[in-house]
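Chemist: My structure is stored as query.cif, with mmCIF, C-alpha atoms and all ligand atoms.
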data_entry
loop_
_atom_site.label_atom_id
_atom_site.label_comp_id
_atom_site.auth_asym_id
_atom_site.auth_seq_id
_atom_site.Cartn_x
_atom_site.Cartn_y
_atom_site.Cartn_z
CA MET A 1 -31.51 28.84 -6.05
CA ILE A 2 -32.87 25.33 -5.50
CA ILE A 3 -31.21 23.68 -2.51
CA GLY A 4 -31.29 19.91 -1.95
CA VAL A 5 -30.60 18.11 1.33
CA PRO A 6 -30.18 14.34 0.88
CA LYS A 7 -30.25 11.87 3.76
CA GLU A 8 -26.72 10.73 4.61
CA ILE A 9 -26.24 7.12 3.58
CA LYS A 10 -22.69 6.53 4.76
CA ASN A 11 -22.58 3.82 7.42
CA ASN A 12 -23.52 5.12 10.87
CA GLU A 13 -23.78 8.77 9.76
CA ASN A 14 -26.70 10.37 11.59
CA ARG A 15 -25.92 14.02 11.00
CA VAL A 16 -27.84 16.15 8.50
CA ALA A 17 -26.51 19.20 6.62
CA LEU A 18 -29.35 21.63 7.31
CA THR A 19 -31.64 22.30 10.28
CA PRO A 20 -35.13 23.81 10.12
CA ALA A 21 -33.52 27.13 11.15
CA GLY A 22 -31.31 26.85 8.06
CA VAL A 23 -34.33 26.15 5.87
CA ALA A 24 -36.03 29.28 7.22
CA GLU A 25 -32.89 31.33 6.48
CA PHE A 26 -32.75 30.11 2.86
CA LYS A 27 -36.45 30.86 2.45
CA LYS A 28 -35.94 34.37 3.81
CA HIS A 29 -33.44 34.95 1.00
CA GLY A 30 -35.90 33.69 -1.62
CA HIS A 31 -34.52 30.17 -2.21
CA GLU A 32 -36.34 26.83 -2.45
CA VAL A 33 -35.32 23.96 -0.16
CA TYR A 34 -36.00 20.27 -0.82
CA VAL A 35 -35.22 17.79 1.95
CA GLN A 36 -35.23 14.01 1.55
CA ALA A 37 -37.79 12.25 3.77
CA THR A 38 -36.36 11.22 7.18
CA ALA A 39 -33.06 13.05 6.47
CA GLY A 40 -33.14 14.61 9.95
CA VAL A 41 -34.41 11.74 12.11
CA GLY A 42 -30.92 10.61 13.15
CA SER A 43 -30.38 14.09 14.60
CA GLY A 44 -33.83 14.26 16.19
CA ILE A 45 -35.39 16.49 13.49
CA SER A 46 -38.72 15.37 11.98
CA ASP A 47 -39.94 15.94 8.42
CA GLU A 48 -42.77 17.97 9.91
CA GLU A 49 -40.30 20.45 11.43
CA TYR A 50 -38.68 20.97 8.03
CA VAL A 51 -42.08 21.50 6.42
CA GLN A 52 -43.06 24.04 9.07
CA ALA A 53 -39.83 25.93 8.30
CA GLY A 54 -40.78 26.06 4.61
CA ALA A 55 -39.07 23.02 3.04
CA THR A 56 -40.63 20.52 0.67
CA ILE A 57 -40.07 16.86 1.53
CA LEU A 58 -39.13 14.54 -1.36
CA PRO A 59 -39.45 10.76 -1.00
CA THR A 60 -36.15 9.58 -2.53
CA ILE A 61 -32.51 10.59 -2.80
CA GLU A 62 -32.87 10.51 -6.62
CA ASP A 63 -35.59 13.18 -6.41
CA VAL A 64 -33.33 15.45 -4.36
CA TYR A 65 -30.30 15.18 -6.65
CA ASP A 66 -32.53 15.55 -9.69
CA ILE A 67 -34.08 18.87 -8.67
CA ALA A 68 -31.26 20.63 -6.79
CA GLU A 69 -28.82 23.21 -8.14
CA MET A 70 -26.89 23.07 -4.86
CA ILE A 71 -26.60 19.94 -2.72
CA VAL A 72 -25.64 20.49 0.92
CA LYS A 73 -24.39 17.37 2.67
CA VAL A 74 -22.26 16.24 5.59
CA LYS A 75 -20.07 13.37 4.32
CA GLU A 76 -18.52 12.86 0.91
CA PRO A 77 -20.77 11.15 -1.66
CA ILE A 78 -20.41 7.37 -1.71
CA ALA A 79 -20.46 5.19 -4.84
CA ALA A 80 -24.27 4.83 -4.86
CA GLU A 81 -24.55 8.62 -5.16
CA TYR A 82 -22.00 9.14 -7.97
CA PRO A 83 -24.47 8.51 -10.84
CA LEU A 84 -26.96 10.96 -9.28
CA ILE A 85 -24.59 13.93 -9.43
CA LYS A 86 -25.02 16.19 -12.46
CA ALA A 87 -22.62 18.40 -14.40
CA ASN A 88 -22.54 21.96 -13.01
CA GLN A 89 -24.34 20.90 -9.82
CA LEU A 90 -22.76 22.56 -6.77
CA LEU A 91 -21.88 20.17 -3.93
CA PHE A 92 -21.06 21.73 -0.55
CA THR A 93 -19.90 19.04 1.92
CA TYR A 94 -16.84 17.34 3.47
CA PHE A 95 -14.91 15.55 0.68
CA HIS A 96 -11.37 14.72 1.96
CA PHE A 97 -10.32 14.12 -1.66
CA ALA A 98 -6.69 13.46 -0.77
CA SER A 99 -7.74 10.27 1.00
CA SER A 100 -9.84 8.79 -1.88
CA GLU A 101 -8.67 8.45 -5.45
CA GLU A 102 -11.97 6.80 -6.42
CA LEU A 103 -13.98 9.77 -5.13
CA THR A 104 -11.67 12.26 -6.86
CA TYR A 105 -12.06 10.56 -10.25
CA ALA A 106 -15.83 10.15 -9.77
CA MET A 107 -16.26 13.86 -9.06
CA LEU A 108 -13.98 14.86 -11.96
CA LYS A 109 -16.09 12.68 -14.26
CA SER A 110 -19.37 14.11 -12.95
CA GLY A 111 -18.53 17.66 -14.07
CA ALA A 112 -19.90 18.96 -10.75
CA VAL A 113 -18.53 21.87 -8.69
CA CYS A 114 -17.13 20.45 -5.45
CA LEU A 115 -16.63 22.92 -2.61
CA ALA A 116 -15.10 21.10 0.36
CA TYR A 117 -15.88 22.13 3.95
CA GLU A 118 -12.45 21.00 5.13
CA THR A 119 -10.47 23.40 2.91
CA VAL A 120 -12.54 26.55 3.50
CA GLU A 121 -9.84 28.63 5.18
CA LYS A 122 -9.65 31.96 6.97
CA ASN A 123 -6.81 34.50 6.57
CA ASP A 124 -5.23 33.30 9.83
CA ARG A 125 -5.10 29.80 8.25
CA SER A 126 -7.75 28.41 10.61
CA LEU A 127 -10.36 26.03 9.15
CA PRO A 128 -13.77 27.28 10.29
CA LEU A 129 -15.72 24.24 9.11
CA LEU A 130 -13.45 21.77 10.93
CA VAL A 131 -13.42 23.68 14.23
CA PRO A 132 -16.93 22.67 15.36
CA MET A 133 -16.14 18.95 15.05
CA SER A 134 -12.88 19.42 17.00
CA GLU A 135 -14.89 21.20 19.69
CA VAL A 136 -17.29 18.27 19.90
CA ALA A 137 -14.51 15.64 19.89
CA GLY A 138 -12.46 17.54 22.48
CA ARG A 139 -15.35 17.75 24.92
CA MET A 140 -16.41 14.17 24.25
CA ALA A 141 -12.89 12.87 24.87
CA ILE A 142 -13.25 13.62 28.59
CA GLN A 143 -16.68 11.97 28.83
CA GLU A 144 -15.33 8.86 27.13
CA GLY A 145 -12.11 8.93 29.14
CA ALA A 146 -14.03 9.21 32.41
CA LYS A 147 -16.21 6.25 31.40
CA TYR A 148 -13.27 3.98 30.49
CA LEU A 149 -11.46 4.91 33.72
CA GLU A 150 -14.21 3.00 35.54
CA LYS A 151 -13.07 -0.41 36.72
CA PRO A 152 -15.77 -2.45 34.90
CA MET A 153 -14.71 -0.70 31.66
CA GLY A 154 -11.06 -1.73 32.12
CA GLY A 155 -9.76 1.47 33.73
CA ARG A 156 -7.97 2.27 36.99
CA GLY A 157 -11.24 2.85 38.81
CA ILE A 158 -10.64 6.51 39.56
CA LEU A 159 -13.20 9.32 39.60
CA LEU A 160 -11.94 12.38 37.68
CA GLY A 161 -12.94 14.89 40.33
CA GLY A 162 -12.14 12.76 43.41
CA VAL A 163 -14.20 13.57 46.53
CA ALA A 164 -13.51 15.40 49.82
CA GLY A 165 -10.43 13.81 51.31
CA VAL A 166 -9.45 12.00 48.07
CA LYS A 167 -7.26 13.57 45.38
CA PRO A 168 -8.73 14.06 41.90
CA ALA A 169 -7.36 12.30 38.82
CA ASN A 170 -4.50 13.67 36.74
CA VAL A 171 -5.36 14.44 33.11
CA LEU A 172 -2.65 15.09 30.50
CA VAL A 173 -3.71 16.84 27.30
CA LEU A 174 -1.27 16.59 24.38
CA GLY A 175 -1.81 19.56 22.04
CA GLY A 176 -3.41 22.80 23.20
CA GLY A 177 -5.40 23.56 20.02
CA ILE A 178 -9.17 23.31 19.62
CA VAL A 179 -9.45 19.68 20.80
CA GLY A 180 -6.98 20.20 23.66
CA THR A 181 -8.59 23.41 24.91
CA GLN A 182 -12.06 21.87 24.99
CA SER A 183 -10.77 18.72 26.72
CA ALA A 184 -8.90 20.74 29.31
CA LYS A 185 -11.95 22.87 30.06
CA MET A 186 -14.16 19.82 30.55
CA ALA A 187 -11.66 17.97 32.72
CA ALA A 188 -10.96 21.06 34.81
CA GLY A 189 -14.70 21.63 35.23
CA LEU A 190 -15.03 18.11 36.65
CA GLY A 191 -12.32 18.90 39.18
CA ALA A 192 -9.37 16.96 37.71
CA ASN A 193 -5.78 18.19 37.80
CA VAL A 194 -5.03 19.04 34.18
CA THR A 195 -1.74 19.56 32.34
CA ILE A 196 -1.69 20.83 28.75
CA VAL A 197 1.43 20.16 26.70
CA ASP A 198 2.12 22.03 23.42
CA ILE A 199 5.14 22.97 21.31
CA SER A 200 3.91 26.55 20.87
CA LEU A 201 4.93 28.91 23.68
CA PRO A 202 2.54 31.67 22.54
CA ARG A 203 -0.28 29.13 22.68
CA LEU A 204 0.74 28.00 26.18
CA ARG A 205 0.90 31.63 27.30
CA TYR A 206 -2.63 32.19 26.06
CA LEU A 207 -3.91 29.01 27.72
CA GLU A 208 -2.18 29.90 30.99
CA ASP A 209 -4.10 33.20 30.96
CA ILE A 210 -7.57 31.83 30.26
CA MET A 211 -7.63 28.44 31.99
CA PRO A 212 -8.78 27.88 35.58
CA ALA A 213 -6.28 27.32 38.42
CA ASN A 214 -6.38 23.52 38.15
CA VAL A 215 -4.84 23.63 34.64
CA ASP A 216 -1.05 23.82 34.20
CA THR A 217 0.89 24.23 30.97
CA VAL A 218 4.14 22.48 30.07
CA ILE A 219 6.27 22.74 26.92
CA SER A 220 6.16 19.63 24.73
CA ASN A 221 9.28 17.49 24.55
CA GLU A 222 9.97 13.80 25.06
CA TYR A 223 11.55 14.27 28.47
CA ASN A 224 8.55 16.14 29.89
CA ILE A 225 6.05 13.69 28.42
CA ARG A 226 7.97 10.70 29.89
CA GLN A 227 7.83 12.34 33.33
CA LEU A 228 4.17 13.31 33.16
CA ILE A 229 2.71 9.98 31.97
CA GLN A 230 4.01 8.22 35.10
CA THR A 231 1.44 9.95 37.30
CA THR A 232 -1.32 10.48 34.74
CA ASP A 233 -4.69 8.68 34.78
CA LEU A 234 -6.13 9.95 31.50
CA ILE A 235 -4.21 11.13 28.41
CA ILE A 236 -5.92 12.99 25.56
CA GLY A 237 -4.10 13.06 22.20
CA GLY A 238 -5.07 16.24 20.32
CA VAL A 239 -1.95 17.26 18.38
CA LEU A 240 -2.01 18.29 14.75
CA ILE A 241 0.71 19.12 12.26
CA PRO A 242 -1.32 20.39 9.28
CA GLY A 243 -1.03 18.14 6.25
CA ALA A 244 1.19 15.56 8.01
CA LYS A 245 0.78 12.41 10.05
CA ALA A 246 0.48 13.12 13.77
CA PRO A 247 3.78 12.64 15.66
CA SER A 248 3.99 9.59 17.99
CA LEU A 249 4.36 11.37 21.31
CA VAL A 250 3.72 8.26 23.44
CA THR A 251 5.78 5.36 22.11
CA ARG A 252 5.32 1.66 22.87
CA ASP A 253 8.28 1.58 25.26
CA MET A 254 6.67 4.33 27.37
CA LEU A 255 3.60 2.24 28.19
CA ASN A 256 5.40 0.33 30.93
CA LEU A 257 6.14 3.64 32.69
CA MET A 258 2.40 4.13 33.13
CA ARG A 259 0.06 2.68 35.75
CA PRO A 260 -2.13 -0.21 34.55
CA GLY A 261 -5.66 0.95 33.72
CA THR A 262 -4.51 4.37 32.52
CA VAL A 263 -6.76 5.48 29.65
CA MET A 264 -5.50 7.11 26.44
CA VAL A 265 -8.00 8.80 24.09
CA ASP A 266 -6.35 9.37 20.70
CA VAL A 267 -8.52 12.05 19.12
CA ALA A 268 -5.81 12.61 16.49
CA ILE A 269 -6.36 9.07 15.19
CA ASP A 270 -7.87 10.49 11.99
CA GLN A 271 -4.36 11.80 11.20
CA GLY A 272 -2.68 8.51 12.14
CA GLY A 273 -2.80 9.02 15.91
CA CYS A 274 -0.26 10.42 18.38
CA PHE A 275 0.35 7.19 20.34
CA GLU A 276 2.54 4.59 18.62
CA THR A 277 0.22 1.77 19.70
CA SER A 278 -3.01 3.38 18.35
CA HIS A 279 -5.15 2.01 15.56
CA ALA A 280 -8.53 3.33 14.47
CA THR A 281 -11.62 1.88 16.16
CA THR A 282 -15.39 2.37 15.79
CA HIS A 283 -18.23 3.31 18.13
CA GLN A 284 -19.29 -0.37 18.09
CA ASP A 285 -15.94 -1.47 19.52
CA PRO A 286 -14.16 1.69 20.67
CA THR A 287 -11.32 0.42 22.88
CA PHE A 288 -8.48 -2.10 23.07
CA VAL A 289 -5.78 -2.74 25.65
CA VAL A 290 -2.02 -2.76 25.06
CA GLU A 291 0.24 -3.62 28.00
CA GLY A 292 -2.51 -2.79 30.48
CA ILE A 293 -3.22 0.64 28.95
CA VAL A 294 -6.76 1.25 27.63
CA HIS A 295 -6.74 2.85 24.15
CA TYR A 296 -9.84 4.67 22.82
CA CYS A 297 -9.28 5.52 19.14
CA VAL A 298 -12.62 6.25 17.45
CA ALA A 299 -12.00 8.09 14.18
CA ASN A 300 -15.41 9.81 13.98
CA MET A 301 -16.16 10.73 17.57
CA PRO A 302 -18.79 13.42 16.73
CA GLY A 303 -20.88 10.70 15.06
CA ALA A 304 -21.96 9.49 18.51
CA VAL A 305 -23.65 12.81 19.33
CA PRO A 306 -25.42 13.68 16.06
CA TYR A 307 -27.82 16.17 17.62
CA THR A 308 -25.01 18.37 18.97
CA SER A 309 -22.78 17.76 15.95
CA THR A 310 -25.48 18.68 13.44
CA LEU A 311 -26.24 21.95 15.19
CA ALA A 312 -22.55 22.78 15.67
CA LEU A 313 -21.73 22.02 12.02
CA THR A 314 -24.69 23.86 10.51
CA ASN A 315 -24.03 26.93 12.68
CA ALA A 316 -20.69 27.15 10.89
CA THR A 317 -21.69 26.11 7.35
CA LEU A 318 -24.94 28.05 6.94
CA PRO A 319 -23.46 31.56 6.47
CA TYR A 320 -21.26 30.22 3.64
CA ALA A 321 -24.14 28.23 2.09
CA ILE A 322 -26.31 31.35 2.06
CA GLN A 323 -23.56 33.31 0.23
CA LEU A 324 -23.30 30.54 -2.36
CA ALA A 325 -27.06 30.53 -2.90
CA ASN A 326 -27.41 34.31 -3.02
CA LYS A 327 -24.55 35.00 -5.42
CA GLY A 328 -23.95 31.72 -7.23
CA TRP A 329 -20.65 29.90 -6.60
CA LYS A 330 -18.50 31.94 -9.03
CA LYS A 331 -19.38 35.36 -7.64
CA ALA A 332 -19.40 34.09 -4.03
CA CYS A 333 -15.91 32.62 -4.44
CA ARG A 334 -14.57 35.69 -6.25
CA GLU A 335 -15.76 37.90 -3.40
CA ASN A 336 -14.82 35.62 -0.49
CA GLU A 337 -11.28 34.20 -0.30
CA GLU A 338 -12.36 31.75 2.42
CA LEU A 339 -14.92 30.13 0.14
CA LYS A 340 -12.56 30.24 -2.84
CA LYS A 341 -10.12 28.03 -0.92
CA GLY A 342 -12.93 25.48 -0.58
CA LEU A 343 -13.03 24.84 -4.34
CA ASN A 344 -11.39 21.46 -5.02
CA VAL A 345 -12.85 20.02 -8.24
CA VAL A 346 -14.71 22.15 -10.80
CA ASN A 347 -16.29 20.94 -14.05
CA GLY A 348 -13.81 18.10 -14.51
CA LYS A 349 -10.74 20.09 -13.40
CA THR A 350 -8.71 19.83 -10.20
CA VAL A 351 -8.24 23.33 -8.77
CA TYR A 352 -6.84 22.51 -5.29
CA ALA A 353 -3.10 21.85 -5.04
CA GLY A 354 -3.34 19.18 -2.31
CA VAL A 355 -5.73 17.07 -4.40
CA ALA A 356 -3.69 17.46 -7.60
CA GLU A 357 -0.53 16.42 -5.72
CA ALA A 358 -2.22 13.47 -4.01
CA TRP A 359 -3.25 11.85 -7.30
CA SER A 360 -0.69 13.35 -9.73
CA LEU A 361 -3.37 15.29 -11.59
CA PRO A 362 -2.87 18.51 -13.56
CA LEU A 363 -3.66 21.59 -11.46
CA THR A 364 -5.88 24.26 -13.01
CA PRO A 365 -5.49 27.72 -11.41
CA VAL A 366 -8.70 28.46 -9.55
CA GLU A 367 -8.94 31.89 -11.23
CA ASP A 368 -9.36 30.09 -14.58
CA VAL A 369 -12.64 28.54 -13.47
CA LEU A 370 -13.96 31.64 -11.71
CA GLY A 371 -14.14 33.65 -14.92
CA LYS A 372 -13.42 37.30 -15.58
CA VAL A 373 -15.24 40.12 -13.84
CA ILE A 374 -16.74 42.49 -16.45
CA VAL A 375 -16.53 46.04 -15.17
CA ALA A 376 -19.18 48.20 -16.83
N1 LIG B 1 -11.36 11.48 16.15
C1 LIG B 1 -12.23 12.40 15.81
O1 LIG B 1 -13.44 12.15 15.73
C2 LIG B 1 -11.78 13.81 15.55
C3 LIG B 1 -12.70 14.86 15.51
C4 LIG B 1 -12.22 16.16 15.33
C5 LIG B 1 -10.85 16.39 15.19
N2 LIG B 1 -9.98 15.34 15.21
C6 LIG B 1 -8.52 15.51 15.09
O2 LIG B 1 -7.97 16.03 16.29
C7 LIG B 1 -6.69 16.58 16.00
C8 LIG B 1 -6.52 17.94 16.67
O3 LIG B 1 -7.39 18.87 16.04
P1 LIG B 1 -7.43 20.41 16.48
O4 LIG B 1 -8.57 21.01 15.74
O5 LIG B 1 -7.38 20.56 17.95
O6 LIG B 1 -6.06 20.94 15.87
P2 LIG B 1 -5.34 22.32 16.23
O7 LIG B 1 -4.52 22.67 15.04
O8 LIG B 1 -6.33 23.33 16.73
O9 LIG B 1 -4.39 21.96 17.46
C9 LIG B 1 -3.28 21.13 17.35
C10 LIG B 1 -2.27 21.55 18.41
O10 LIG B 1 -1.23 20.55 18.42
C11 LIG B 1 -0.04 21.24 18.75
N3 LIG B 1 1.11 20.39 18.46
C12 LIG B 1 1.69 20.09 17.27
N4 LIG B 1 2.76 19.27 17.46
C13 LIG B 1 2.84 19.05 18.79
C14 LIG B 1 3.72 18.31 19.61
N5 LIG B 1 4.75 17.63 19.10
N6 LIG B 1 3.49 18.32 20.94
C15 LIG B 1 2.47 18.98 21.49
N7 LIG B 1 1.61 19.72 20.77
C16 LIG B 1 1.80 19.75 19.44
C17 LIG B 1 -0.12 22.52 17.90
O11 LIG B 1 0.78 23.51 18.36
C18 LIG B 1 -1.59 22.90 18.11
O12 LIG B 1 -1.76 23.77 19.22
C19 LIG B 1 -6.61 16.62 14.47
O13 LIG B 1 -5.86 15.53 14.00
C20 LIG B 1 -8.05 16.47 14.04
O14 LIG B 1 -8.17 15.93 12.73
C21 LIG B 1 -10.43 14.06 15.38
#
Show how you would write the structure in this file as structure tokens.

Modeler:
Amino acid sequence: MIIGVPKEIKNNENRVALTPAGVAEFKKHGHEVYVQATAGVGSGISDEEYVQAGATILPTIEDVYDIAEMIVKVKEPIAAEYPLIKANQLLFTYFHFASSEELTYAMLKSGAVCLAYETVEKNDRSLPLLVPMSEVAGRMAIQEGAKYLEKPMGGRGILLGGVAGVKPANVLVLGGGIVGTQSAKMAAGLGANVTIVDISLPRLRYLEDIMPANVDTVISNEYNIRQLIQTTDLIIGGVLIPGAKAPSLVTRDMLNLMRPGTVMVDVAIDQGGCFETSHATTHQDPTFVVEGIVHYCVANMPGAVPYTSTLALTNATLPYAIQLANKGWKKACRENEELKKGLNVVNGKTVYAGVAEAWSLPLTPVEDVLGKVIVA
């Protein structure tokens, strides 16, 4: 198959969908890889490295879309890319169709096959192509929190780990999923006193078993959260209710229970945030203060560390991309339920229930587009 890797053109997106290691893997399986010039520079990968791995560099984004049977990307196509997409072309990338009607209609009109990273789903309902970005954001949340706890940045002026003779900071992690686990590990590693709060007792039991001694677990309810925030220096918001807006676990009236200069990092801001006073911010202007409490609410945290994010994402996407290239999308999706769940829009039809519901479109059963298997 002919694989195309365009340079991401969405504002401030420095990740790239394939590394030189990925190129080498495709080549090993007999595929051709075309990478747009400078596609990797934002992640520290030069054109030369791609060439050495066996890719051909093409000068423009038009060249890449023109030649490729499968496009691998990071972010959803933006308007400038819509006219470049061809009928039957396979696009493997994040789409988030339910949040853009314009994108949904553009992809339906294109006749392309859109396989979305975010809906590839394992049997246990986990989302393997979202996990790496949660890992990055969870770890980053502590770095950012530690920075904004510094006095010149507006924080309380407390060092997470303390020093000999001085107590460490208290870190409260709301949600003990991927983000929460990674945050707790980082904060504990720096020597802070960490409390993880979750509604799932089995999850808390698991975390209690694997976390170091400076991490406690507490069941999530309003009473417990009200108590904990009064002595907390840094709060990480990492809760998720799949398919719904995040619950507001810290409400406006709770802010005056907290000490001025407390920092709250709302990682769940991409789902509406789990602090009532949150609103989305950018890396250019990441924080704002409400009633003396510093809020950090960047919606695309992994974008600040494109090198790590690119490697983490491609580690997860490559095995699926190779299956798609080796078998073609129909056979690959027939044989792998995880990939099949990634199909959202196929040849002008909506095949994913969440997208059909979001825009009141007719839903075509995914089996209808996968075709019949002829048994000889
Ligand atoms: N801002 C960013 O750049 C960025 C990056 C990656 C992920 N995220 C977001 O971070 C959030 C968390 O992602 P994740 O992968 O860790 O999800 P996850 O599903 O692994 O974990 C969510 C956890 O929240 C818990 N939870 C649900 N309701 C709760 C409540 N009322 N109180 C306490 N805990 C509760 C669940 O039991 C679960 O353990 C998501 O909204 C995700 O989209 C944001």

Chemist: Just how far from atom CA of A:Val305 is atom CA of A:Leu172, in Å to one decimal?

Modeler: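 Taking atom CA of A:Leu172 as the start and atom CA of A:Val305 as the end point, the length is 23.9 Å.
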
Chemist: Show me, as a tab-separated table, the residues of chain A having an atom within 8 Å of ligand LIG 1 (chain B), each with the closest atom pair and its distance in Å, using all atoms listed in the file.

Modeler:
residue	atom	partner	partner_atom	distance
A:Ser126	CA	B:LIG1	O7	7.9
A:Leu130	CA	B:LIG1	O4	6.9
A:Val131	CA	B:LIG1	O4	5.7
A:Met133	CA	B:LIG1	C4	4.8
A:Ser134	CA	B:LIG1	C4	3.7
A:Glu135	CA	B:LIG1	C4	7.2
A:Val136	CA	B:LIG1	C4	7.1
A:Ala137	CA	B:LIG1	C3	4.8
A:Gly138	CA	B:LIG1	C4	7.3
A:Leu174	CA	B:LIG1	C15	5.3
A:Gly175	CA	B:LIG1	N7	3.7
A:Gly176	CA	B:LIG1	O12	4.4
A:Gly177	CA	B:LIG1	O9	3.2
A:Ile178	CA	B:LIG1	O5	3.7
A:Val179	CA	B:LIG1	O5	3.6
A:Gly180	CA	B:LIG1	O5	5.7
A:Thr181	CA	B:LIG1	O5	7.6
A:Val197	CA	B:LIG1	C15	5.4
A:Asp198	CA	B:LIG1	N7	3.6
A:Ile199	CA	B:LIG1	C15	4.8
A:Ser200	CA	B:LIG1	O11	5.0
A:Arg203	CA	B:LIG1	O12	6.5
A:Ile219	CA	B:LIG1	C15	7.6
A:Ser220	CA	B:LIG1	N6	4.8
A:Asn221	CA	B:LIG1	N6	6.9
A:Gly237	CA	B:LIG1	C7	7.6
A:Gly238	CA	B:LIG1	C8	4.3
A:Val239	CA	B:LIG1	O10	3.4
A:Leu240	CA	B:LIG1	C9	4.1
A:Ile241	CA	B:LIG1	C12	5.2
A:Pro242	CA	B:LIG1	O7	7.0
A:Ala246	CA	B:LIG1	O13	6.8
A:Pro247	CA	B:LIG1	N5	6.1
A:Leu249	CA	B:LIG1	N5	6.7
A:Asp266	CA	B:LIG1	N1	7.1
A:Val267	CA	B:LIG1	N1	4.1
A:Ala268	CA	B:LIG1	O13	3.8
A:Ile269	CA	B:LIG1	N1	5.6
A:Asp270	CA	B:LIG1	O14	5.5
A:Gln271	CA	B:LIG1	O13	4.9
A:Gly272	CA	B:LIG1	O13	7.9
A:Gly273	CA	B:LIG1	O13	7.4
A:Cys297	CA	B:LIG1	N1	7.0
A:Val298	CA	B:LIG1	N1	5.5
A:Ala299	CA	B:LIG1	N1	4.0
A:Asn300	CA	B:LIG1	O1	3.5
A:Met301	CA	B:LIG1	O1	3.6
A:Pro302	CA	B:LIG1	O1	5.6
A:Gly303	CA	B:LIG1	O1	7.6

Chemist: Which one of A:Lys122, A:Leu311, A:Met186, A:Glu144 sits closest to A:His283 if you count all atoms listed in the file?

Modeler: A:Glu144

Chemist: A:Val74: which residues within 9 Å, counting only C-alpha atoms, same-chain residues fewer than 4 positions away excluded, as an NGL selection string?

Modeler: :A and (8 or 13 or 15-17 or 92-95 or 117 or 310 or 313)

Chemist: Could you please determine the separation between atom CA of A:Ala141 and atom CA of A:Val290 in Å, to one decimal place?

Modeler: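 Taking atom CA of A:Ala141 as the start and atom CA of A:Val290 as the end point, the length is 19.0 Å.
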
Chemist: Any idea what's packed within 8 Å of A:Val72, counting only C-alpha atoms, ignoring anything in its chain fewer than 3 positions away? Could you give it as a PyMOL selection string?

Modeler: chain A and resi 3-6+17-18+91-93+321

Chemist: If we count all atoms listed in the file, what is near A:Ala169 at a cut-off of 10 Å, once residues fewer than 2 positions away on the same chain are taken out, given as a PyMOL selection string?

Modeler: chain A and resi 146+149+158-162+166-167+171-172+187+190-194+231-234

Chemist: Filtering to C-alpha atoms, could you give me those residues as a PDB file, in the frame of the given file?

Modeler:
ATOM      1  CA  ALA A 146     -14.030   9.210  32.410  1.00  0.00           C
ATOM      2  CA  LEU A 149     -11.460   4.910  33.720  1.00  0.00           C
ATOM      3  CA  ILE A 158     -10.640   6.510  39.560  1.00  0.00           C
ATOM      4  CA  LEU A 159     -13.200   9.320  39.600  1.00  0.00           C
ATOM      5  CA  LEU A 160     -11.940  12.380  37.680  1.00  0.00           C
ATOM      6  CA  GLY A 161     -12.940  14.890  40.330  1.00  0.00           C
ATOM      7  CA  GLY A 162     -12.140  12.760  43.410  1.00  0.00           C
ATOM      8  CA  VAL A 166      -9.450  12.000  48.070  1.00  0.00           C
ATOM      9  CA  LYS A 167      -7.260  13.570  45.380  1.00  0.00           C
ATOM     10  CA  VAL A 171      -5.360  14.440  33.110  1.00  0.00           C
ATOM     11  CA  LEU A 172      -2.650  15.090  30.500  1.00  0.00           C
ATOM     12  CA  ALA A 187     -11.660  17.970  32.720  1.00  0.00           C
ATOM     13  CA  LEU A 190     -15.030  18.110  36.650  1.00  0.00           C
ATOM     14  CA  GLY A 191     -12.320  18.900  39.180  1.00  0.00           C
ATOM     15  CA  ALA A 192      -9.370  16.960  37.710  1.00  0.00           C
ATOM     16  CA  ASN A 193      -5.780  18.190  37.800  1.00  0.00           C
ATOM     17  CA  VAL A 194      -5.030  19.040  34.180  1.00  0.00           C
ATOM     18  CA  THR A 231       1.440   9.950  37.300  1.00  0.00           C
ATOM     19  CA  THR A 232      -1.320  10.480  34.740  1.00  0.00           C
ATOM     20  CA  ASP A 233      -4.690   8.680  34.780  1.00  0.00           C
ATOM     21  CA  LEU A 234      -6.130   9.950  31.500  1.00  0.00           C
TER      22      LEU A 234
END

Chemist: Between A:Gln284, A:Asn11, A:Gln230, A:Asn170, which one has atoms that come closest to A:Asn256, using only C-alpha atoms?

Modeler: A:Gln230

Chemist: I'd like to know which of A:Leu129, A:Ala37, A:Ile78, A:Val215 is closest to A:Thr104, using all atoms listed in the file.

Modeler: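 Closest to A:Thr104, using all atoms listed in the file: A:Ile78.
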
Chemist: Have a look at A:Gly40, A:Asn12, A:Asp63, A:Gln89 and name the one nearest to A:Lys75; count all atoms listed in the file.

Modeler: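 For A:Lys75, the nearest of the candidates is A:Asn12.
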
Chemist: For a test of reading the model, state the distance in Å between atom CA of A:Thr251 and atom CA of A:Gly157, rounded to one decimal.

Modeler: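 Result for atom CA of A:Thr251 versus atom CA of A:Gly157: 24.0 Å, one decimal.
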
Chemist: Would you mind telling me which residue in A:Lys185, A:Lys73, A:Lys341, A:Arg156 lies nearest to A:Ile142 when using all atoms listed in the file?

Modeler: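 For A:Ile142, the nearest of the given residues is A:Lys185.
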
Chemist: What lies within 8 Å of A:Leu339 using only C-alpha atoms, ignoring chain neighbours under 3 positions off, as an mmCIF file with C-alpha atoms, in the coordinates of the input?

Modeler:
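As written to disk, result-v6.cif reads:
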data_model
loop_
_atom_site.group_PDB
_atom_site.id
_atom_site.type_symbol
_atom_site.label_atom_id
_atom_site.label_comp_id
_atom_site.auth_asym_id
_atom_site.auth_seq_id
_atom_site.Cartn_x
_atom_site.Cartn_y
_atom_site.Cartn_z
ATOM 1 C CA LEU A 115 -16.630 22.920 -2.610
ATOM 2 C CA VAL A 120 -12.540 26.550 3.500
ATOM 3 C CA GLU A 121 -9.840 28.630 5.180
ATOM 4 C CA TYR A 320 -21.260 30.220 3.640
ATOM 5 C CA ALA A 332 -19.400 34.090 -4.030
ATOM 6 C CA CYS A 333 -15.910 32.620 -4.440
ATOM 7 C CA ASN A 336 -14.820 35.620 -0.490
ATOM 8 C CA GLY A 342 -12.930 25.480 -0.580
ATOM 9 C CA LEU A 343 -13.030 24.840 -4.340
#
